[in-house]
>>> print(open('entry_35.csv').read())   # CSV, C-alpha atoms and all ligand atoms
chain,number,residue,atom,x,y,z
A,1,MET,CA,0.0,0.0,0.0
A,2,GLY,CA,3.0,2.3,0.1
A,3,TYR,CA,4.1,4.3,3.2
A,4,LYS,CA,1.7,7.0,4.2
A,5,ILE,CA,2.6,10.0,6.4
A,6,ALA,CA,-0.4,12.1,7.4
A,7,ILE,CA,0.1,15.6,8.7
A,8,ASP,CA,-2.8,17.5,10.1
A,9,GLY,CA,-3.1,20.7,12.0
A,10,PRO,CA,-4.5,24.3,12.1
A,11,ALA,CA,-3.7,27.1,9.7
A,12,GLY,CA,-0.2,28.4,9.7
A,13,ALA,CA,1.3,25.5,11.7
A,14,GLY,CA,3.8,25.0,8.8
A,15,LYS,CA,2.2,21.9,7.4
A,16,SER,CA,2.9,22.5,3.7
A,17,THR,CA,6.5,23.7,4.1
A,18,ILE,CA,7.3,20.8,6.3
A,19,ALA,CA,5.4,18.2,4.3
A,20,LYS,CA,7.0,19.3,1.1
A,21,MET,CA,10.6,19.1,2.5
A,22,ILE,CA,9.9,15.6,4.0
A,23,ALA,CA,8.6,14.4,0.7
A,24,GLU,CA,11.7,15.7,-1.1
A,25,LYS,CA,14.1,14.1,1.4
A,26,LEU,CA,12.3,10.7,1.4
A,27,ASP,CA,11.4,10.8,-2.3
A,28,PHE,CA,7.7,10.5,-1.5
A,29,ILE,CA,4.9,12.2,-3.3
A,30,TYR,CA,3.6,15.4,-1.6
A,31,VAL,CA,-0.2,15.8,-1.6
A,32,ASP,CA,-1.5,19.2,-0.5
A,33,THR,CA,-5.2,18.7,0.1
A,34,GLY,CA,-5.8,22.3,1.2
A,35,ALA,CA,-5.0,23.4,-2.3
A,36,MET,CA,-7.9,21.2,-3.5
A,37,TYR,CA,-10.4,22.9,-1.1
A,38,ARG,CA,-8.8,26.2,-2.2
A,39,ALA,CA,-9.5,25.4,-5.9
A,40,VAL,CA,-13.2,24.8,-5.1
A,41,ALA,CA,-13.2,28.2,-3.2
A,42,TYR,CA,-11.6,29.8,-6.2
A,43,PHE,CA,-14.3,28.4,-8.5
A,44,PHE,CA,-17.0,30.0,-6.3
A,45,ILE,CA,-15.2,33.4,-6.1
A,46,HIS,CA,-14.2,33.5,-9.8
A,47,ASN,CA,-17.8,32.7,-10.9
A,48,GLY,CA,-19.4,35.1,-8.4
A,49,ILE,CA,-21.4,32.3,-6.8
A,50,GLU,CA,-22.8,33.6,-3.5
A,51,ASN,CA,-25.5,31.0,-2.9
A,52,LEU,CA,-23.8,28.6,-0.5
A,53,ASP,CA,-26.8,26.5,0.5
A,54,GLY,CA,-26.3,22.7,0.4
A,55,ALA,CA,-28.3,22.1,-2.8
A,56,ASN,CA,-26.6,24.8,-4.8
A,57,VAL,CA,-23.2,23.7,-3.7
A,58,LYS,CA,-24.0,20.2,-4.7
A,59,LEU,CA,-25.0,21.5,-8.2
A,60,MET,CA,-21.8,23.5,-8.5
A,61,CYS,CA,-19.8,20.5,-7.3
A,62,ALA,CA,-21.0,18.6,-10.4
A,63,GLN,CA,-19.6,21.3,-12.6
A,64,MET,CA,-16.1,21.2,-11.2
A,65,ASP,CA,-13.5,18.9,-12.7
A,66,ILE,CA,-10.5,18.9,-10.4
A,67,ARG,CA,-7.2,17.2,-11.3
A,68,ILE,CA,-3.7,17.1,-9.9
A,69,SER,CA,-0.5,17.1,-11.9
A,70,TYR,CA,3.1,17.2,-10.7
A,71,GLU,CA,6.0,19.3,-12.1
A,72,GLU,CA,9.4,18.7,-10.6
A,73,GLY,CA,7.7,17.5,-7.3
A,74,ASN,CA,5.4,20.6,-7.2
A,75,GLN,CA,1.7,19.9,-7.1
A,76,ASN,CA,-0.5,21.8,-9.7
A,77,VAL,CA,-4.3,22.0,-9.4
A,78,ILE,CA,-6.1,21.9,-12.7
A,79,LEU,CA,-9.7,23.2,-12.5
A,80,ASN,CA,-11.8,22.6,-15.5
A,81,GLY,CA,-8.7,22.4,-17.7
A,82,LYS,CA,-7.0,25.5,-16.3
A,83,ASN,CA,-4.0,25.5,-14.0
A,84,VAL,CA,-5.2,27.6,-11.0
A,85,THR,CA,-2.3,26.9,-8.6
A,86,GLY,CA,-1.0,30.5,-8.7
A,87,TYR,CA,-4.4,31.9,-7.5
A,88,LEU,CA,-4.9,29.8,-4.4
A,89,ARG,CA,-2.8,31.2,-1.6
A,90,SER,CA,-4.6,34.4,-0.9
A,91,GLU,CA,-6.5,35.0,2.4
A,92,GLU,CA,-9.7,35.5,0.5
A,93,VAL,CA,-9.5,32.1,-1.0
A,94,GLY,CA,-8.4,30.5,2.3
A,95,LYS,CA,-11.4,31.9,4.1
A,96,MET,CA,-13.8,30.7,1.4
A,97,ALA,CA,-12.1,27.3,1.4
A,98,SER,CA,-13.0,26.9,5.0
A,99,ILE,CA,-16.6,27.9,4.3
A,100,VAL,CA,-17.1,25.4,1.3
A,101,ALA,CA,-15.2,22.7,3.2
A,102,VAL,CA,-18.2,22.1,5.5
A,103,ASN,CA,-20.1,20.6,2.5
A,104,ARG,CA,-20.5,16.8,2.4
A,105,GLU,CA,-20.5,16.5,-1.5
A,106,ILE,CA,-17.4,18.6,-1.8
A,107,ARG,CA,-15.5,16.6,0.9
A,108,GLU,CA,-16.5,13.3,-0.7
A,109,LYS,CA,-15.4,14.4,-4.1
A,110,LEU,CA,-12.0,15.6,-2.8
A,111,ILE,CA,-11.4,12.6,-0.5
A,112,ASP,CA,-11.9,10.3,-3.5
A,113,LEU,CA,-9.4,12.3,-5.5
A,114,GLN,CA,-6.9,12.3,-2.5
A,115,ARG,CA,-7.2,8.5,-2.0
A,116,TYR,CA,-6.9,7.9,-5.8
A,117,ILE,CA,-3.6,10.0,-5.9
A,118,SER,CA,-2.2,8.2,-2.9
A,119,GLY,CA,-3.0,4.7,-4.3
A,120,GLU,CA,0.0,2.4,-3.8
A,121,GLU,CA,2.5,5.3,-3.6
A,122,ASP,CA,4.6,6.5,-0.8
A,123,VAL,CA,3.0,9.8,0.2
A,124,VAL,CA,3.2,12.7,2.6
A,125,MET,CA,-0.3,14.2,2.7
A,126,ASP,CA,-1.3,17.3,4.7
A,127,GLY,CA,-4.7,18.7,5.6
A,128,ARG,CA,-7.2,18.7,8.4
A,129,ASP,CA,-8.7,15.1,8.2
A,130,ILE,CA,-5.9,13.0,6.8
A,131,GLY,CA,-5.1,10.9,9.8
A,132,THR,CA,-8.8,10.7,10.9
A,133,GLN,CA,-10.7,10.2,7.6
A,134,VAL,CA,-8.7,10.1,4.4
A,135,LEU,CA,-5.8,7.8,5.3
A,136,PRO,CA,-6.8,6.3,8.7
A,137,ASP,CA,-4.3,3.5,8.2
A,138,ALA,CA,-1.3,5.8,7.7
A,139,GLN,CA,1.8,4.4,9.3
A,140,LEU,CA,2.8,7.8,10.7
A,141,LYS,CA,0.4,10.5,11.8
A,142,ILE,CA,1.6,13.9,12.9
A,143,TYR,CA,-0.6,16.7,14.5
A,144,LEU,CA,1.4,19.8,13.8
A,145,THR,CA,0.5,22.9,15.7
A,146,ALA,CA,2.0,26.2,17.1
A,147,SER,CA,0.7,29.1,19.2
A,148,ILE,CA,-1.8,31.5,17.5
A,149,ASP,CA,0.7,34.3,17.6
A,150,VAL,CA,3.5,32.3,16.0
A,151,ARG,CA,1.1,31.0,13.3
A,152,ALA,CA,-0.2,34.6,12.5
A,153,ARG,CA,3.4,35.8,12.2
A,154,ARG,CA,4.3,33.0,9.8
A,155,ARG,CA,1.3,33.7,7.6
A,156,PHE,CA,2.1,37.4,7.7
A,157,GLU,CA,5.7,36.7,6.6
A,158,GLU,CA,4.4,34.4,3.8
A,159,LEU,CA,2.2,37.2,2.4
A,160,GLU,CA,5.0,39.8,2.8
A,161,GLU,CA,7.4,37.7,0.9
A,162,LYS,CA,5.0,37.6,-2.0
A,163,GLY,CA,4.7,41.4,-1.8
A,164,VAL,CA,1.1,41.3,-0.5
A,165,SER,CA,0.5,44.0,2.2
A,166,ALA,CA,-1.2,42.6,5.3
A,167,ASN,CA,-2.1,43.5,8.9
A,168,ILE,CA,-1.0,41.0,11.5
A,169,GLU,CA,-4.0,41.6,13.7
A,170,ASP,CA,-6.4,40.9,10.8
A,171,ILE,CA,-4.5,37.8,9.9
A,172,LYS,CA,-4.7,36.6,13.5
A,173,ALA,CA,-8.5,37.2,13.5
A,174,ASP,CA,-8.9,35.4,10.2
A,175,ILE,CA,-6.9,32.4,11.4
A,176,GLU,CA,-8.9,32.2,14.6
A,177,THR,CA,-12.2,32.2,12.7
A,178,ARG,CA,-11.0,29.6,10.3
A,179,ASP,CA,-9.7,27.3,13.1
A,180,LYS,CA,-13.1,27.6,14.8
A,181,ASN,CA,-14.9,26.7,11.6
A,182,ASP,CA,-12.6,23.8,10.9
A,183,MET,CA,-12.7,22.4,14.5
A,184,ASN,CA,-16.4,22.7,15.0
A,185,ARG,CA,-17.9,21.6,11.7
A,186,GLU,CA,-20.1,18.5,11.7
A,187,ILE,CA,-18.3,16.5,9.0
A,188,ALA,CA,-14.6,15.7,9.4
A,189,PRO,CA,-13.7,18.4,11.9
A,190,LEU,CA,-10.0,19.2,12.5
A,191,CYS,CA,-8.8,17.1,15.5
A,192,GLN,CA,-5.8,15.1,16.5
A,193,ALA,CA,-6.2,11.4,15.6
A,194,GLU,CA,-5.9,9.1,18.6
A,195,ASP,CA,-2.7,7.6,17.2
A,196,ALA,CA,-1.2,10.9,16.0
A,197,ILE,CA,2.0,12.4,17.5
A,198,LEU,CA,1.7,16.0,18.6
A,199,VAL,CA,4.4,18.3,17.4
A,200,ASP,CA,4.3,21.9,18.7
A,201,THR,CA,6.5,24.0,16.4
A,202,SER,CA,6.2,27.3,18.2
A,203,GLU,CA,9.8,27.2,19.3
A,204,MET,CA,11.2,25.0,16.6
A,205,THR,CA,12.9,25.9,13.3
A,206,ILE,CA,11.7,24.3,10.1
A,207,ASP,CA,14.8,22.1,9.9
A,208,GLU,CA,14.3,20.9,13.5
A,209,VAL,CA,10.7,19.9,12.7
A,210,VAL,CA,11.7,18.1,9.5
A,211,ALA,CA,14.5,16.3,11.4
A,212,LYS,CA,12.0,15.3,14.1
A,213,ILE,CA,9.5,13.8,11.7
A,214,ILE,CA,12.2,12.0,9.7
A,215,SER,CA,13.5,10.5,12.9
A,216,LEU,CA,10.0,9.3,13.8
A,217,TYR,CA,9.7,7.8,10.3
A,218,LYS,CA,13.1,6.0,10.6
A,219,GLY,CA,12.2,4.8,14.1
A,220,ASN,CA,9.0,3.4,12.7
A,221,CYS,CA,10.7,1.6,9.9
A,222,SER,CA,13.5,-0.1,11.9
B,301,LIG,O1,-2.3,26.5,4.5
B,301,LIG,P1,-3.4,26.7,5.5
B,301,LIG,O2,-3.3,25.8,6.7
B,301,LIG,O3,-3.8,28.1,5.8
B,301,LIG,O4,-4.7,26.2,4.8
B,301,LIG,P2,-5.0,25.0,3.8
B,301,LIG,O5,-4.3,23.7,4.3
B,301,LIG,O6,-4.6,25.4,2.4
B,301,LIG,O7,-6.6,24.7,3.9
B,301,LIG,C1,-7.5,25.7,3.6
B,301,LIG,C2,-8.9,25.3,4.2
B,301,LIG,O8,-9.4,24.1,3.5
B,301,LIG,C3,-8.9,25.0,5.6
B,301,LIG,O9,-9.1,26.1,6.5
B,301,LIG,C4,-10.0,23.9,5.8
B,301,LIG,O10,-11.2,24.5,6.0
B,301,LIG,C5,-10.0,23.3,4.4
B,301,LIG,N1,-9.4,21.9,4.4
B,301,LIG,C6,-10.2,20.9,4.9
B,301,LIG,O11,-11.3,21.1,5.3
B,301,LIG,N2,-9.7,19.6,4.8
B,301,LIG,C7,-8.4,19.4,4.4
B,301,LIG,N3,-8.0,18.1,4.3
B,301,LIG,C8,-7.6,20.5,3.9
B,301,LIG,C9,-8.1,21.7,4.0
>>> encode(input="entry_35.csv", output="structure tokens", more="lines below")
Ligand code: CDP
Amino acid sequence: MGYKIAIDGPAGAGKSTIAKMIAEKLDFIYVDTGAMYRAVAYFFIHNGIENLDGANVKLMCAQMDIRISYEEGNQNVILNGKNVTGYLRSEEVGKMASIVAVNREIREKLIDLQRYISGEEDVVMDGRDIGTQVLPDAQLKIYLTASIDVRARRRFEELEEKGVSANIEDIKADIETRDKNDMNREIAPLCQAEDAILVDTSEMTIDEVVAKIISLYKGNCS
């Protein structure tokens, strides 16, 4: 079945940076499931769809063809034939992703895609429900977190690096709202799987976190 590493946790904990580096080091495939929810959000924003009731979301769901391709280890999301990867990391899209992610049809559609990509491969997959729902048999499950202040600062720096001006207090409020949505929704809420290992990255560098997870993996394999 391949070796599966599941990394879950709240916004700004560093999941995607860490997961990507681990995948590179171990020569695993990196699957960013947040980008898939973000692609659905982009579809709603781009098409000006404001009606978010269940029936309409279901209808829209049927109009979205979402595929994943890889280019030098980087994941691309193809939405109805268009590569939308470059449009997905804004705060607007992140907020909308958390709103559409409560919908059952959307989750089922994306979970099918996530399991299909994972298949027999060795993968590192990050998201909110990977250890609990998508890959419950993953051999290594990590719950990555950090204090709200550290997470807000990281997101602020990510935006600044891209030349997007942002206010750290607004980002903190957005992250808090999104965490609340993600942790309290009815279907597949964000929570630590019983067999997941908690890694608090508040006081750790990226390299330290990567080294810790790789050593957990090696310990598991020996
Ligand atoms: O990078 P960041 O942690 O800010 O967000 P992301 O991983 O790109 O996910 C964006 C949003 O998609 C989250 O706030 C969740 O609401 C949703 N999501 C989800 O419900 N399940 C997943 N497996 C991944 C993301």
>>> residues_near_ligand(input="entry_35.csv", ligand="ligand LIG 301 (chain B)", cutoff="6 Å", atoms="only C-alpha atoms and all ligand atoms", output="list in words")
Pro10, Ala11, Gly12, Thr33, Gly34, Ala35, Tyr37, Arg38, Gly94, Ala97, Ser98, Ala101, Gly127, Arg128, Asp129, Arg178 and Asp182 of chain A
>>> write_last_selection(input="entry_35.csv", atoms="C-alpha atoms", output="JSON list (two decimals), in the frame of the given file")
[["chain", "number", "residue", "atom", "x", "y", "z"],
["A", 10, "PRO", "CA", -4.50, 24.30, 12.10],
["A", 11, "ALA", "CA", -3.70, 27.10, 9.70],
["A", 12, "GLY", "CA", -0.20, 28.40, 9.70],
["A", 33, "THR", "CA", -5.20, 18.70, 0.10],
["A", 34, "GLY", "CA", -5.80, 22.30, 1.20],
["A", 35, "ALA", "CA", -5.00, 23.40, -2.30],
["A", 37, "TYR", "CA", -10.40, 22.90, -1.10],
["A", 38, "ARG", "CA", -8.80, 26.20, -2.20],
["A", 94, "GLY", "CA", -8.40, 30.50, 2.30],
["A", 97, "ALA", "CA", -12.10, 27.30, 1.40],
["A", 98, "SER", "CA", -13.00, 26.90, 5.00],
["A", 101, "ALA", "CA", -15.20, 22.70, 3.20],
["A", 127, "GLY", "CA", -4.70, 18.70, 5.60],
["A", 128, "ARG", "CA", -7.20, 18.70, 8.40],
["A", 129, "ASP", "CA", -8.70, 15.10, 8.20],
["A", 178, "ARG", "CA", -11.00, 29.60, 10.30],
["A", 182, "ASP", "CA", -12.60, 23.80, 10.90]]
>>> residues_around(input="entry_35.csv", residues="Ile5 of chain A", least_positions_apart="3", cutoff="9 Å", atoms="only C-alpha atoms", output="VMD selection string")
chain A and resid 19 122 to 126 131 135 138 to 142 217
>>> residues_around(input="entry_35.csv", residues="Ala188 of chain A", least_positions_apart="4", cutoff="12 Å", atoms="all atoms listed in the file", output="list in words")
Asp8, Ala101, Val102, Asn103, Arg104, Ile106, Arg107, Glu108, Ile111, Gly127, Arg128, Asp129, Ile130, Gly131, Thr132, Gln133, Val134, Asn181, Asp182, Met183, Asn184, Gln192 and Ala193 of chain A
>>> residues_around(input="entry_35.csv", residues="Ile68 of chain A", least_positions_apart="2", cutoff="8 Å", atoms="only C-alpha atoms", output="short mmCIF file (atom, residue, chain, number, x, y, z; two decimals) with C-alpha atoms, in the frame of the given file")
data_model
loop_
_atom_site.label_atom_id
_atom_site.label_comp_id
_atom_site.auth_asym_id
_atom_site.auth_seq_id
_atom_site.Cartn_x
_atom_site.Cartn_y
_atom_site.Cartn_z
CA ILE A 66 -10.50 18.90 -10.40
CA TYR A 70 3.10 17.20 -10.70
CA GLN A 75 1.70 19.90 -7.10
CA ASN A 76 -0.50 21.80 -9.70
CA VAL A 77 -4.30 22.00 -9.40
CA ILE A 78 -6.10 21.90 -12.70
#
>>> atom_distance(input="entry_35.csv", atom1="atom CA of Ser147 of chain A", atom2="atom CA of Ser202 of chain A")
5.9 Å
>>> residues_around(input="entry_35.csv", residues="Glu91 of chain A", least_positions_apart="6", cutoff="10 Å", atoms="all atoms listed in the file", output="JSON, numbers by chain")
{"A": [97, 155, 159, 166, 171, 174, 175]}
>>> atom_distance(input="entry_35.csv", atom1="atom CA of Asp27 of chain A", atom2="atom CA of Leu144 of chain A")
21.0 Å
>>> residues_around(input="entry_35.csv", residues="Glu105 of chain A", least_positions_apart="4", cutoff="9 Å", atoms="only C-alpha atoms", output="ChimeraX atom specification")
/A:54,57-58,61,109-110
>>> atom_distance(input="entry_35.csv", atom1="atom CA of Thr177 of chain A", atom2="atom CA of Ala39 of chain A")
20.0 Å
>>> closest_residue(input="entry_35.csv", among="A:Ser222, A:Glu157, A:Ala146, A:Ala173", to="Gly9 of chain A", atoms="all atoms listed in the file")
A:Ala146
>>> closest_residue(input="entry_35.csv", among="A:Ala41, A:Val84, A:Ala62, A:Ile49", to="Met96 of chain A", atoms="all atoms listed in the file")
A:Ala41
>>> closest_residue(input="entry_35.csv", among="A:Lys15, A:Lys82, A:Lys20, A:Arg89", to="Glu158 of chain A", atoms="all atoms listed in the file")
A:Arg89
>>> closest_residue(input="entry_35.csv", among="A:Asn56, A:Val100, A:Leu113, A:Arg154", to="Ile187 of chain A", atoms="only C-alpha atoms")
A:Val100
>>> closest_residue(input="entry_35.csv", among="A:Val199, A:Val210, A:Met36, A:Ser90", to="Gln114 of chain A", atoms="only C-alpha atoms")
A:Met36
>>> closest_residue(input="entry_35.csv", among="A:Tyr143, A:Phe44, A:Lys162, A:Asp53", to="Leu190 of chain A", atoms="only C-alpha atoms")
A:Tyr143
